[in-house]
Structures are given as structure tokens and as C-alpha cells.
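Participant: Next comes the structure file my_file-v2.pdb, holding PDB, C-alpha atoms.
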```
ATOM      1  CA  MET A  26     122.146 148.811  89.604
ATOM      2  CA  ARG A  27     123.634 147.828  86.257
ATOM      3  CA  THR A  28     122.866 149.896  83.160
ATOM      4  CA  VAL A  29     121.562 147.836  80.265
ATOM      5  CA  PRO A  30     124.022 148.007  77.344
ATOM      6  CA  CYS A  31     123.218 149.558  73.984
ATOM      7  CA  GLY A  32     125.384 148.320  71.132
ATOM      8  CA  GLY A  33     127.572 145.284  70.575
ATOM      9  CA  SER A  34     126.009 141.925  69.852
ATOM     10  CA  SER A  35     122.332 141.293  70.440
ATOM     11  CA  PHE A  36     121.554 138.965  73.317
ATOM     12  CA  ASN A  37     119.210 136.728  71.304
ATOM     13  CA  PHE A  38     120.159 137.090  67.657
ATOM     14  CA  PHE A  39     120.354 134.959  64.548
ATOM     15  CA  ILE A  40     121.149 135.498  60.880
ATOM     16  CA  ASP A  41     118.144 135.573  58.560
ATOM     17  CA  VAL A  42     118.771 136.277  54.879
ATOM     18  CA  ARG A  43     115.060 136.861  54.178
ATOM     19  CA  MET A  44     115.227 140.511  55.276
ATOM     20  CA  SER A  45     113.713 142.972  52.837
ATOM     21  CA  ILE A  46     113.111 146.656  53.436
ATOM     22  CA  SER A  47     110.197 148.632  52.035
ATOM     23  CA  LYS A  48     110.554 152.169  50.716
ATOM     24  CA  ASP A  49     108.829 153.551  53.813
ATOM     25  CA  LEU A  50     111.061 151.640  56.221
ATOM     26  CA  GLN A  51     114.165 152.757  54.330
ATOM     27  CA  LEU A  52     112.938 156.350  54.602
ATOM     28  CA  ALA A  53     112.462 155.915  58.357
ATOM     29  CA  ILE A  54     115.943 154.400  58.759
ATOM     30  CA  ASP A  55     117.683 157.048  56.663
ATOM     31  CA  SER A  56     115.817 159.875  58.387
ATOM     32  CA  ALA A  57     116.520 158.521  61.868
ATOM     33  CA  ARG A  58     120.208 158.259  61.059
ATOM     34  CA  ALA A  59     120.254 161.830  59.706
ATOM     35  CA  GLY A  60     118.471 163.146  62.792
ATOM     36  CA  GLY A  61     120.910 161.239  64.965
ATOM     37  CA  LYS A  62     123.851 162.923  63.279
ATOM     38  CA  VAL A  63     122.351 166.297  64.136
ATOM     39  CA  LEU A  64     121.956 165.255  67.781
ATOM     40  CA  LEU A  65     125.484 163.872  67.948
ATOM     41  CA  ASP A  66     126.926 167.124  66.627
ATOM     42  CA  PHE A  67     125.193 169.125  69.375
ATOM     43  CA  TYR A  68     126.113 166.504  71.973
ATOM     44  CA  GLN A  69     129.798 166.379  71.136
ATOM     45  CA  ARG A  70     130.234 170.129  70.851
ATOM     46  CA  LYS A  71     127.983 170.852  73.895
ATOM     47  CA  ASN A  72     126.634 173.887  72.049
ATOM     48  CA  TYR A  73     122.976 173.834  73.045
ATOM     49  CA  GLU A  74     120.628 175.589  75.428
ATOM     50  CA  VAL A  75     118.141 173.759  77.659
ATOM     51  CA  TYR A  76     114.611 175.150  77.989
ATOM     52  CA  THR A  77     111.580 174.075  80.041
ATOM     53  CA  LYS A  78     108.292 173.312  78.291
ATOM     54  CA  ALA A  79     104.830 173.986  79.716
ATOM     55  CA  ASP A  80     104.674 170.428  81.100
ATOM     56  CA  LYS A  81     107.995 171.102  82.916
ATOM     57  CA  SER A  82     109.912 168.649  80.721
ATOM     58  CA  PRO A  83     113.213 169.776  79.162
ATOM     59  CA  VAL A  84     113.782 170.571  75.512
ATOM     60  CA  THR A  85     117.006 171.622  73.829
ATOM     61  CA  ASP A  86     118.206 173.247  70.639
ATOM     62  CA  ALA A  87     119.181 169.730  69.545
ATOM     63  CA  ASP A  88     115.546 168.523  69.835
ATOM     64  CA  MET A  89     114.367 171.365  67.631
ATOM     65  CA  ALA A  90     117.100 171.017  65.003
ATOM     66  CA  SER A  91     116.509 167.271  64.705
ATOM     67  CA  ASP A  92     112.757 167.832  64.496
ATOM     68  CA  LYS A  93     113.122 170.361  61.673
ATOM     69  CA  LEU A  94     115.294 168.019  59.611
ATOM     70  CA  LEU A  95     113.038 165.005  60.187
ATOM     71  CA  HIS A  96     109.970 166.947  59.059
ATOM     72  CA  GLU A  97     111.773 167.966  55.878
ATOM     73  CA  LEU A  98     112.975 164.441  55.075
ATOM     74  CA  LEU A  99     109.706 162.649  55.837
ATOM     75  CA  ALA A 100     107.619 165.224  53.964
ATOM     76  CA  ALA A 101     109.913 165.010  50.932
ATOM     77  CA  GLY A 102     109.854 161.204  50.912
ATOM     78  CA  SER A 103     106.146 160.559  51.459
ATOM     79  CA  SER A 104     102.701 162.151  51.500
ATOM     80  CA  TYR A 105     101.834 160.995  55.041
ATOM     81  CA  ALA A 106     100.890 163.283  57.910
ATOM     82  CA  ILE A 107     103.447 163.804  60.683
ATOM     83  CA  LEU A 108     102.957 163.877  64.454
ATOM     84  CA  SER A 109     106.086 164.908  66.351
ATOM     85  CA  GLU A 110     106.781 165.702  69.982
ATOM     86  CA  GLU A 111     108.255 169.066  69.087
ATOM     87  CA  GLY A 112     106.056 169.864  66.091
ATOM     88  CA  GLU A 113     102.626 171.419  65.672
ATOM     89  CA  LYS A 114      99.783 169.119  66.841
ATOM     90  CA  SER A 115      97.257 169.505  64.012
ATOM     91  CA  ASP A 116      93.928 167.641  64.073
ATOM     92  CA  GLU A 117      94.278 167.217  60.299
ATOM     93  CA  ARG A 118      96.165 163.984  61.012
ATOM     94  CA  LEU A 119      93.009 162.390  62.450
ATOM     95  CA  ALA A 120      91.516 162.065  58.963
ATOM     96  CA  ARG A 121      94.591 160.366  57.533
ATOM     97  CA  ASP A 122      95.155 156.596  57.330
ATOM     98  CA  SER A 123      98.951 156.822  57.506
ATOM     99  CA  LEU A 124     100.845 158.860  60.072
ATOM    100  CA  TRP A 125     104.522 159.275  60.871
ATOM    101  CA  ILE A 126     104.923 159.424  64.655
ATOM    102  CA  VAL A 127     108.247 160.976  65.620
ATOM    103  CA  ASP A 128     110.366 161.731  68.654
ATOM    104  CA  PRO A 129     113.362 163.732  67.384
ATOM    105  CA  LEU A 130     115.199 163.235  70.691
ATOM    106  CA  ASP A 131     113.901 160.521  73.000
ATOM    107  CA  GLY A 132     115.682 160.796  76.332
ATOM    108  CA  THR A 133     116.254 164.542  76.499
ATOM    109  CA  ARG A 134     117.025 164.282  80.221
ATOM    110  CA  ASP A 135     119.688 161.658  79.420
ATOM    111  CA  PHE A 136     121.033 163.913  76.674
ATOM    112  CA  VAL A 137     121.374 166.789  79.140
ATOM    113  CA  ALA A 138     122.818 164.496  81.852
ATOM    114  CA  ARG A 139     125.262 163.114  79.251
ATOM    115  CA  THR A 140     124.489 159.432  79.890
ATOM    116  CA  ASP A 141     124.750 158.614  76.140
ATOM    117  CA  GLN A 142     121.354 156.850  76.413
ATOM    118  CA  PHE A 143     119.197 158.783  73.949
ATOM    119  CA  CYS A 144     117.850 158.120  70.466
ATOM    120  CA  VAL A 145     115.736 159.194  67.506
ATOM    121  CA  ILE A 146     112.384 157.415  67.110
ATOM    122  CA  ILE A 147     110.402 157.252  63.855
ATOM    123  CA  GLY A 148     107.327 155.050  63.563
ATOM    124  CA  LEU A 149     104.597 154.716  60.948
ATOM    125  CA  ALA A 150     101.034 153.907  61.997
ATOM    126  CA  ARG A 151      98.265 152.917  59.614
ATOM    127  CA  ARG A 152      94.660 153.094  60.782
ATOM    128  CA  GLY A 153      95.874 153.335  64.374
ATOM    129  CA  VAL A 154      98.304 150.393  64.265
ATOM    130  CA  PRO A 155     102.132 150.601  64.143
ATOM    131  CA  VAL A 156     103.419 148.974  60.947
ATOM    132  CA  LEU A 157     107.107 149.890  60.905
ATOM    133  CA  GLY A 158     109.672 151.750  62.898
ATOM    134  CA  ALA A 159     113.294 152.758  63.361
ATOM    135  CA  VAL A 160     115.086 153.644  66.597
ATOM    136  CA  TYR A 161     118.594 155.060  66.256
ATOM    137  CA  ALA A 162     121.117 155.546  69.078
ATOM    138  CA  PRO A 163     123.723 157.940  67.608
ATOM    139  CA  VAL A 164     126.412 157.695  70.298
ATOM    140  CA  GLN A 165     126.620 153.915  69.861
ATOM    141  CA  ASP A 166     125.733 154.040  66.134
ATOM    142  CA  VAL A 167     123.066 151.374  66.662
ATOM    143  CA  MET A 168     119.932 151.132  64.510
ATOM    144  CA  TYR A 169     116.945 149.018  65.546
ATOM    145  CA  PHE A 170     114.210 148.554  62.948
ATOM    146  CA  ALA A 171     111.209 146.404  62.079
ATOM    147  CA  GLU A 172     108.243 146.105  59.754
ATOM    148  CA  SER A 173     105.064 144.077  60.174
ATOM    149  CA  GLY A 174     105.765 140.446  59.357
ATOM    150  CA  GLY A 175     109.470 140.991  58.765
ATOM    151  CA  GLY A 176     111.003 140.411  62.186
ATOM    152  CA  ALA A 177     113.072 142.770  64.353
ATOM    153  CA  TRP A 178     116.562 143.785  63.253
ATOM    154  CA  LYS A 179     119.627 145.577  64.548
ATOM    155  CA  GLN A 180     122.618 147.109  62.796
ATOM    156  CA  VAL A 181     125.728 148.274  64.655
ATOM    157  CA  GLY A 182     127.811 150.656  62.573
ATOM    158  CA  ALA A 183     128.376 149.292  59.079
ATOM    159  CA  VAL A 184     128.187 145.640  60.176
ATOM    160  CA  ALA A 185     125.504 143.487  58.522
ATOM    161  CA  SER A 186     122.120 143.577  60.240
ATOM    162  CA  VAL A 187     121.103 140.714  62.526
ATOM    163  CA  ARG A 188     117.634 139.591  63.500
ATOM    164  CA  PHE A 189     116.840 139.293  67.208
ATOM    165  CA  ARG A 190     114.179 138.001  69.593
ATOM    166  CA  VAL A 191     113.055 138.540  73.161
ATOM    167  CA  SER A 192     114.211 136.395  76.072
ATOM    168  CA  GLU A 193     112.482 133.191  77.132
ATOM    169  CA  VAL A 194     112.403 133.969  80.870
ATOM    170  CA  ALA A 195     109.102 132.626  82.206
ATOM    171  CA  ASP A 196     109.397 133.185  85.964
ATOM    172  CA  LEU A 197     108.945 136.590  87.613
ATOM    173  CA  GLY A 198     111.530 135.629  90.209
ATOM    174  CA  ALA A 199     114.137 135.384  87.458
ATOM    175  CA  ALA A 200     112.881 138.363  85.435
ATOM    176  CA  ARG A 201     115.054 141.431  84.881
ATOM    177  CA  LEU A 202     113.079 144.641  85.351
ATOM    178  CA  LEU A 203     114.264 147.635  83.339
ATOM    179  CA  VAL A 204     113.823 150.958  85.162
ATOM    180  CA  ASN A 205     114.640 154.612  84.525
ATOM    181  CA  GLN A 206     118.287 155.243  85.345
ATOM    182  CA  LEU A 207     117.775 158.894  86.278
ATOM    183  CA  ASN A 208     114.682 158.592  88.473
ATOM    184  CA  VAL A 209     113.460 155.242  89.826
ATOM    185  CA  LYS A 210     109.996 155.798  91.301
ATOM    186  CA  PRO A 211     109.433 154.173  94.726
ATOM    187  CA  GLU A 212     106.039 152.953  93.488
ATOM    188  CA  ILE A 213     107.829 150.892  90.828
ATOM    189  CA  LEU A 214     110.113 149.273  93.399
ATOM    190  CA  LYS A 215     107.186 148.563  95.728
ATOM    191  CA  ALA A 216     105.202 146.840  92.977
ATOM    192  CA  ALA A 217     108.248 144.873  91.818
ATOM    193  CA  GLU A 218     108.968 143.679  95.344
ATOM    194  CA  GLY A 219     105.342 142.647  95.787
ATOM    195  CA  MET A 220     105.520 140.524  92.637
ATOM    196  CA  GLY A 221     108.770 138.843  93.626
ATOM    197  CA  ILE A 222     110.969 140.614  91.071
ATOM    198  CA  LYS A 223     114.538 140.704  92.355
ATOM    199  CA  HIS A 224     116.698 141.736  89.402
ATOM    200  CA  PHE A 225     116.930 145.344  88.204
ATOM    201  CA  LEU A 226     118.601 147.028  85.242
ATOM    202  CA  SER A 227     118.609 150.734  84.442
ATOM    203  CA  GLY A 228     118.183 152.330  81.049
ATOM    204  CA  GLY A 229     117.701 155.661  79.315
ATOM    205  CA  GLY A 230     114.780 156.881  77.208
ATOM    206  CA  MET A 231     111.703 154.780  76.463
ATOM    207  CA  GLY A 232     112.878 153.895  72.967
ATOM    208  CA  LEU A 233     116.140 152.312  74.074
ATOM    209  CA  LYS A 234     114.515 150.570  77.051
ATOM    210  CA  LEU A 235     111.971 148.861  74.795
ATOM    211  CA  CYS A 236     114.616 147.906  72.246
ATOM    212  CA  ALA A 237     116.783 146.414  75.006
ATOM    213  CA  LEU A 238     113.794 144.355  76.084
ATOM    214  CA  ALA A 239     113.144 143.342  72.474
ATOM    215  CA  GLU A 240     116.668 141.985  72.011
ATOM    216  CA  GLY A 241     116.596 139.981  75.245
ATOM    217  CA  ALA A 242     118.767 142.248  77.416
ATOM    218  CA  ALA A 243     115.848 142.610  79.866
ATOM    219  CA  ASP A 244     112.477 140.930  80.383
ATOM    220  CA  VAL A 245     110.011 143.476  81.805
ATOM    221  CA  HIS A 246     109.382 147.215  81.935
ATOM    222  CA  PHE A 247     106.413 149.091  83.362
ATOM    223  CA  ASN A 248     105.611 152.678  84.273
ATOM    224  CA  GLY A 249     102.665 154.881  85.152
ATOM    225  CA  TYR A 250     103.672 158.054  83.337
ATOM    226  CA  LYS A 251     100.617 159.962  82.098
ATOM    227  CA  ASN A 252     102.832 162.199  79.966
ATOM    228  CA  LEU A 253     104.160 159.280  77.923
ATOM    229  CA  ALA A 254     102.864 159.786  74.391
ATOM    230  CA  GLU A 255     102.411 158.029  71.067
ATOM    231  CA  TRP A 256     105.834 159.143  69.829
ATOM    232  CA  ASP A 257     107.504 157.338  72.744
ATOM    233  CA  THR A 258     106.093 153.927  71.821
ATOM    234  CA  CYS A 259     105.055 153.709  68.152
ATOM    235  CA  ALA A 260     108.333 152.536  66.589
ATOM    236  CA  PRO A 261     109.487 150.625  69.695
ATOM    237  CA  GLU A 262     106.147 148.799  69.789
ATOM    238  CA  ILE A 263     106.460 147.290  66.311
ATOM    239  CA  ILE A 264     110.089 146.378  67.038
ATOM    240  CA  LEU A 265     109.097 144.652  70.280
ATOM    241  CA  LEU A 266     106.130 142.851  68.709
ATOM    242  CA  GLU A 267     108.219 141.606  65.784
ATOM    243  CA  ALA A 268     110.782 140.308  68.293
ATOM    244  CA  GLY A 269     108.065 138.265  70.027
ATOM    245  CA  GLY A 270     107.275 140.603  72.917
ATOM    246  CA  GLU A 271     104.128 142.377  74.011
ATOM    247  CA  ILE A 272     103.181 145.909  75.058
ATOM    248  CA  THR A 273      99.904 147.183  76.530
ATOM    249  CA  ASP A 274      98.658 149.575  79.176
ATOM    250  CA  LEU A 275      98.869 148.391  82.790
ATOM    251  CA  GLN A 276      95.450 146.748  82.497
ATOM    252  CA  GLY A 277      96.395 144.743  79.419
ATOM    253  CA  GLY A 278      94.627 146.999  76.906
ATOM    254  CA  ARG A 279      96.174 147.706  73.517
ATOM    255  CA  LEU A 280      97.882 151.029  72.863
ATOM    256  CA  GLY A 281      96.196 153.089  70.178
ATOM    257  CA  TYR A 282      97.759 155.508  67.688
ATOM    258  CA  ASN A 283      96.579 158.615  65.861
ATOM    259  CA  ALA A 284      94.079 159.133  68.661
ATOM    260  CA  VAL A 285      92.524 162.420  69.751
ATOM    261  CA  ASP A 286      94.324 162.038  73.093
ATOM    262  CA  ILE A 287      97.932 161.135  72.297
ATOM    263  CA  TYR A 288      98.971 160.517  75.912
ATOM    264  CA  ARG A 289      99.121 157.223  77.841
ATOM    265  CA  GLY A 290      96.772 157.833  80.748
ATOM    266  CA  ARG A 291      96.741 154.200  81.902
ATOM    267  CA  GLY A 292     100.464 153.511  82.124
ATOM    268  CA  THR A 293     102.556 151.174  79.982
ATOM    269  CA  LEU A 294     103.633 147.554  80.385
ATOM    270  CA  ALA A 295     106.148 145.847  78.095
ATOM    271  CA  THR A 296     107.385 142.272  78.434
ATOM    272  CA  ASN A 297     108.948 139.381  76.565
ATOM    273  CA  GLY A 298     105.411 138.109  75.975
ATOM    274  CA  VAL A 299     105.760 135.011  78.147
ATOM    275  CA  LEU A 300     105.501 137.106  81.313
ATOM    276  CA  HIS A 301     102.741 139.441  80.174
ATOM    277  CA  LYS A 302      99.666 137.816  81.713
ATOM    278  CA  ALA A 303     101.455 137.301  85.013
ATOM    279  CA  MET A 304     102.540 140.940  85.028
ATOM    280  CA  VAL A 305      99.048 142.280  84.288
ATOM    281  CA  ALA A 306      97.645 140.192  87.136
ATOM    282  CA  GLY A 307     100.509 141.011  89.483
ATOM    283  CA  LEU A 308     100.245 144.755  88.889
ATOM    284  CA  ALA A 309      96.501 144.897  89.633
ATOM    285  CA  PRO A 310      96.868 145.839  93.335
ATOM    286  CA  TYR A 311      99.408 148.550  92.494
ATOM    287  CA  ARG A 312      97.930 150.221  89.402
ATOM    288  CA  GLU A 313      96.221 153.106  91.169
ATOM    289  CA  GLY A 314      99.430 154.099  92.934
ATOM    290  CA  LEU A 315     101.552 153.756  89.800
ATOM    291  CA  VAL A 316      99.713 156.071  87.395
ATOM    292  CA  HIS A 317     100.748 159.691  87.873
TER
END
```
Go ahead and render the structure in this file as C-alpha cells.
Facilitator:
Amino acid sequence: MRTVPCGGSSFNFFIDVRMSISKDLQLAIDSARAGGKVLLDFYQRKNYEVYTKADKSPVTDADMASDKLLHELLAAGSSYAILSEEGEKSDERLARDSLWIVDPLDGTRDFVARTDQFCVIIGLARRGVPVLGAVYAPVQDVMYFAESGGGAWKQVGAVASVRFRVSEVADLGAARLLVNQLNVKPEILKAAEGMGIKHFLSGGGMGLKLCALAEGAADVHFNGYKNLAEWDTCAPEIILLEAGGEITDLQGGRLGYNAVDIYRGRGTLATNGVLHKAMVAGLAPYREGLVH
């Protein structure tokens, strides 16, 4: 199974000189890059410990160091509340219109396995809707970013940013399904086979998988993870939507943000948009077996 690339030229890109960046988006981009530098330092020097959280997922010293820096930068640059995977989960955020939703290290398992496929995710939600986001892959020095109405963009190193869009694949038989490179669930393969999907790509954390889909490197991704949370999808969602794609739960319902329950109990489906209705219908017989 081929691993979807991160970096290099976008698959469906074009130059658009209309790009403008708001103060909040610039803060997200700068903070994501700074957090990524912290992760890269730990990664290159291999000087971190791996711990197990209560939900049995891994966390490292790199997660915590990145989280601390991101809290400092976002708090200094704005007055918004912050929800982070590794931070305190205060209900105070529920009364706020604007909320930073942060994953300081998306793809911790990939970080530990040294696949290079991990990133920093910073999204901003207003009244429960993602409005901007940045996803930064430090090993490849690739920044994905978007803001409502402004399109989806990618910058590799110091090269000028390019705007990108999803693929135009309209047939499930030709669709490329993006799966987890470290643990492909048999339920995923069973559902894919039942829908006639024949082409598979593997990827790292949720952030990079959704960005790969957004830039046309893949066409479909779905999972039934109940422990997937708002910080996994907030920034990638606005990037995917601005690129022309679509993301919902497995039943086609919209994902909410700044909710009391921050976890995705009904699975997640992301597509290039063209394939979304067919995927929702095709997954119906398999949904119960997918969500875990």
C-alpha cells in the first residue's frame, strides 16, 4: 500500500494572487510553525519519554512542550478561549463565541514510530463553526492553511503559497481511499470492498490525511473512531471545505465544535465532495460495525 506524500507540489493547485491573511490566521500559522519547531527538535534528538494516558493513547514530552508554547502564543495574541488535547478541559469555553481548538502533536503514534507523518493543528471556531485553520508538518516543512471564503493554501518551505482544490473523481470504483498506515481496521476494508473501492493509500495523523484529501492526493477517508475529537478535525475541516471537499459523520450529519461532548461518537467521513452522497449511502450497511 502506497503512503500518500506530504510536501512537494500540490496535486490540484493553481496560482491565485487574491490571497489575504487575517490577523487571526497569521497567528495560527505562526504558532503552528513555532510548535512544529519544538516537535522537530525532540524528534531529531530523540530525547523524549512516551507515556500512556487514561484512554490508553500515547503522549510524549514533545506533545506537552508544544502544547505549553501554543497556549502561550495564542493567549498572548488573542483573547479567545483555548481547547487543546493536552490542556485543561474547562467548561468556561462553552460560553465563548470564539475558541481556538488545538492539537499540539497530531499523530503521536506516527511520531513515536518515526514515520515522519505528524503535524501541529490549530483551528478557530466561532459559534460552533470552523472559520480558519493551519496544519503544519514540520519534517516536510509544509504549511496548509485556510480561512472562510479565502480558499485553501499550501506553502512548502519558503516557496510562495499556492492555492489547491480537491480531486474531481466521481466514481467509487476509481476512488482512492486513505487509511491509517499504522493500523488498518478490517471493518474499513470490508466496507470499502462492499462499495467497490479498489485503490488504497496510507497516511499518518488525521490532520495530514484530510489535507492530502483536500489537495487531491486522495478522494475518500472514513473511520469509526469514537475517541476522535474536535482538535483532530477543526482546522482540517475548514481547509477541506475551502478546497471544495466535504466532511460529516458517517450518517451525513455536520460536525459540531465547542460542544459539551468534544468526541466524535458517530464516526467521520471526508470526501472530495462529489463522492459524498454515494459514500453516505454506501456506508449505511456497515456503520454499526465501523463505530468503536
Participant: Show which residues sit within 12 Å of Asp122 in chain A, as a PyMOL selection string. Count all atoms listed in the file, and ignore same-chain residues fewer than 4 positions away.
Facilitator: chain A and resi 104-107+117-118+149-156+282-284
Participant: Since I can't run it myself right now, could you work out what the PyMOL selection byres ((chain A and resi 174) around 10) selects here and report it as a list in words?
Facilitator: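 Going through the file, the PyMOL selection byres ((chain A and resi 174) around 10) ends up selecting Val156, Leu157, Ala171, Glu172, Ser173, Gly175, Gly176, Ala177, Ile263, Leu266 and Glu267 of chain A.
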Participant: How would you write, as a PDB file with C-alpha atoms, in the coordinates of the input, the residues chosen by the PyMOL selection byres ((chain A and resi 262) around 12) on this structure?
Facilitator:
```
ATOM      1  CA  ILE A 126     104.923 159.424  64.655  1.00  0.00           C
ATOM      2  CA  ILE A 146     112.384 157.415  67.110  1.00  0.00           C
ATOM      3  CA  ILE A 147     110.402 157.252  63.855  1.00  0.00           C
ATOM      4  CA  GLY A 148     107.327 155.050  63.563  1.00  0.00           C
ATOM      5  CA  LEU A 149     104.597 154.716  60.948  1.00  0.00           C
ATOM      6  CA  ALA A 150     101.034 153.907  61.997  1.00  0.00           C
ATOM      7  CA  VAL A 154      98.304 150.393  64.265  1.00  0.00           C
ATOM      8  CA  PRO A 155     102.132 150.601  64.143  1.00  0.00           C
ATOM      9  CA  VAL A 156     103.419 148.974  60.947  1.00  0.00           C
ATOM     10  CA  LEU A 157     107.107 149.890  60.905  1.00  0.00           C
ATOM     11  CA  GLY A 158     109.672 151.750  62.898  1.00  0.00           C
ATOM     12  CA  ALA A 159     113.294 152.758  63.361  1.00  0.00           C
ATOM     13  CA  VAL A 160     115.086 153.644  66.597  1.00  0.00           C
ATOM     14  CA  TYR A 169     116.945 149.018  65.546  1.00  0.00           C
ATOM     15  CA  PHE A 170     114.210 148.554  62.948  1.00  0.00           C
ATOM     16  CA  ALA A 171     111.209 146.404  62.079  1.00  0.00           C
ATOM     17  CA  GLU A 172     108.243 146.105  59.754  1.00  0.00           C
ATOM     18  CA  SER A 173     105.064 144.077  60.174  1.00  0.00           C
ATOM     19  CA  ALA A 177     113.072 142.770  64.353  1.00  0.00           C
ATOM     20  CA  MET A 231     111.703 154.780  76.463  1.00  0.00           C
ATOM     21  CA  GLY A 232     112.878 153.895  72.967  1.00  0.00           C
ATOM     22  CA  LEU A 233     116.140 152.312  74.074  1.00  0.00           C
ATOM     23  CA  LYS A 234     114.515 150.570  77.051  1.00  0.00           C
ATOM     24  CA  LEU A 235     111.971 148.861  74.795  1.00  0.00           C
ATOM     25  CA  CYS A 236     114.616 147.906  72.246  1.00  0.00           C
ATOM     26  CA  LEU A 238     113.794 144.355  76.084  1.00  0.00           C
ATOM     27  CA  ALA A 239     113.144 143.342  72.474  1.00  0.00           C
ATOM     28  CA  GLU A 255     102.411 158.029  71.067  1.00  0.00           C
ATOM     29  CA  TRP A 256     105.834 159.143  69.829  1.00  0.00           C
ATOM     30  CA  ASP A 257     107.504 157.338  72.744  1.00  0.00           C
ATOM     31  CA  THR A 258     106.093 153.927  71.821  1.00  0.00           C
ATOM     32  CA  CYS A 259     105.055 153.709  68.152  1.00  0.00           C
ATOM     33  CA  ALA A 260     108.333 152.536  66.589  1.00  0.00           C
ATOM     34  CA  PRO A 261     109.487 150.625  69.695  1.00  0.00           C
ATOM     35  CA  ILE A 263     106.460 147.290  66.311  1.00  0.00           C
ATOM     36  CA  ILE A 264     110.089 146.378  67.038  1.00  0.00           C
ATOM     37  CA  LEU A 265     109.097 144.652  70.280  1.00  0.00           C
ATOM     38  CA  LEU A 266     106.130 142.851  68.709  1.00  0.00           C
ATOM     39  CA  GLU A 267     108.219 141.606  65.784  1.00  0.00           C
ATOM     40  CA  ALA A 268     110.782 140.308  68.293  1.00  0.00           C
ATOM     41  CA  GLY A 269     108.065 138.265  70.027  1.00  0.00           C
ATOM     42  CA  GLY A 270     107.275 140.603  72.917  1.00  0.00           C
ATOM     43  CA  GLU A 271     104.128 142.377  74.011  1.00  0.00           C
ATOM     44  CA  ILE A 272     103.181 145.909  75.058  1.00  0.00           C
ATOM     45  CA  THR A 273      99.904 147.183  76.530  1.00  0.00           C
ATOM     46  CA  ARG A 279      96.174 147.706  73.517  1.00  0.00           C
ATOM     47  CA  LEU A 280      97.882 151.029  72.863  1.00  0.00           C
ATOM     48  CA  GLY A 281      96.196 153.089  70.178  1.00  0.00           C
ATOM     49  CA  TYR A 282      97.759 155.508  67.688  1.00  0.00           C
ATOM     50  CA  THR A 293     102.556 151.174  79.982  1.00  0.00           C
ATOM     51  CA  LEU A 294     103.633 147.554  80.385  1.00  0.00           C
ATOM     52  CA  ALA A 295     106.148 145.847  78.095  1.00  0.00           C
ATOM     53  CA  THR A 296     107.385 142.272  78.434  1.00  0.00           C
ATOM     54  CA  ASN A 297     108.948 139.381  76.565  1.00  0.00           C
TER      55      ASN A 297
END
```
Participant: As a check of understanding, name the residues that the PyMOL selection byres ((chain A and resi 163) around 7) selects in the supplied structure, as a list in words.
Facilitator: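 When the PyMOL selection byres ((chain A and resi 163) around 7) is applied, the selected residues are Gly61, Lys62, Leu65, Cys144, Tyr161, Ala162, Val164, Gln165, Asp166 and Val167 of chain A.
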Participant: Build an axis-aligned box that encloses every atom of range 162-179 of chain A listed in the file, pad it by 6 Å on each side, and report its centre and edge lengths in Å to one decimal, as JSON.
Facilitator:
```
{"center_x": 115.8, "center_y": 149.2, "center_z": 64.5, "size_x": 33.6, "size_y": 29.5, "size_z": 23.5}
```
Participant: Have a look at CA of Leu275 in chain A and CA of His246 in chain A and let me know their distance in Å, one decimal.
Facilitator: 10.6 Å
Participant: Between CA of Leu119 in chain A and CA of Val285 in chain A, what is the distance in Å, rounded to a tenth?
Facilitator: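 Computing it gives 7.3 Å between the two atoms.
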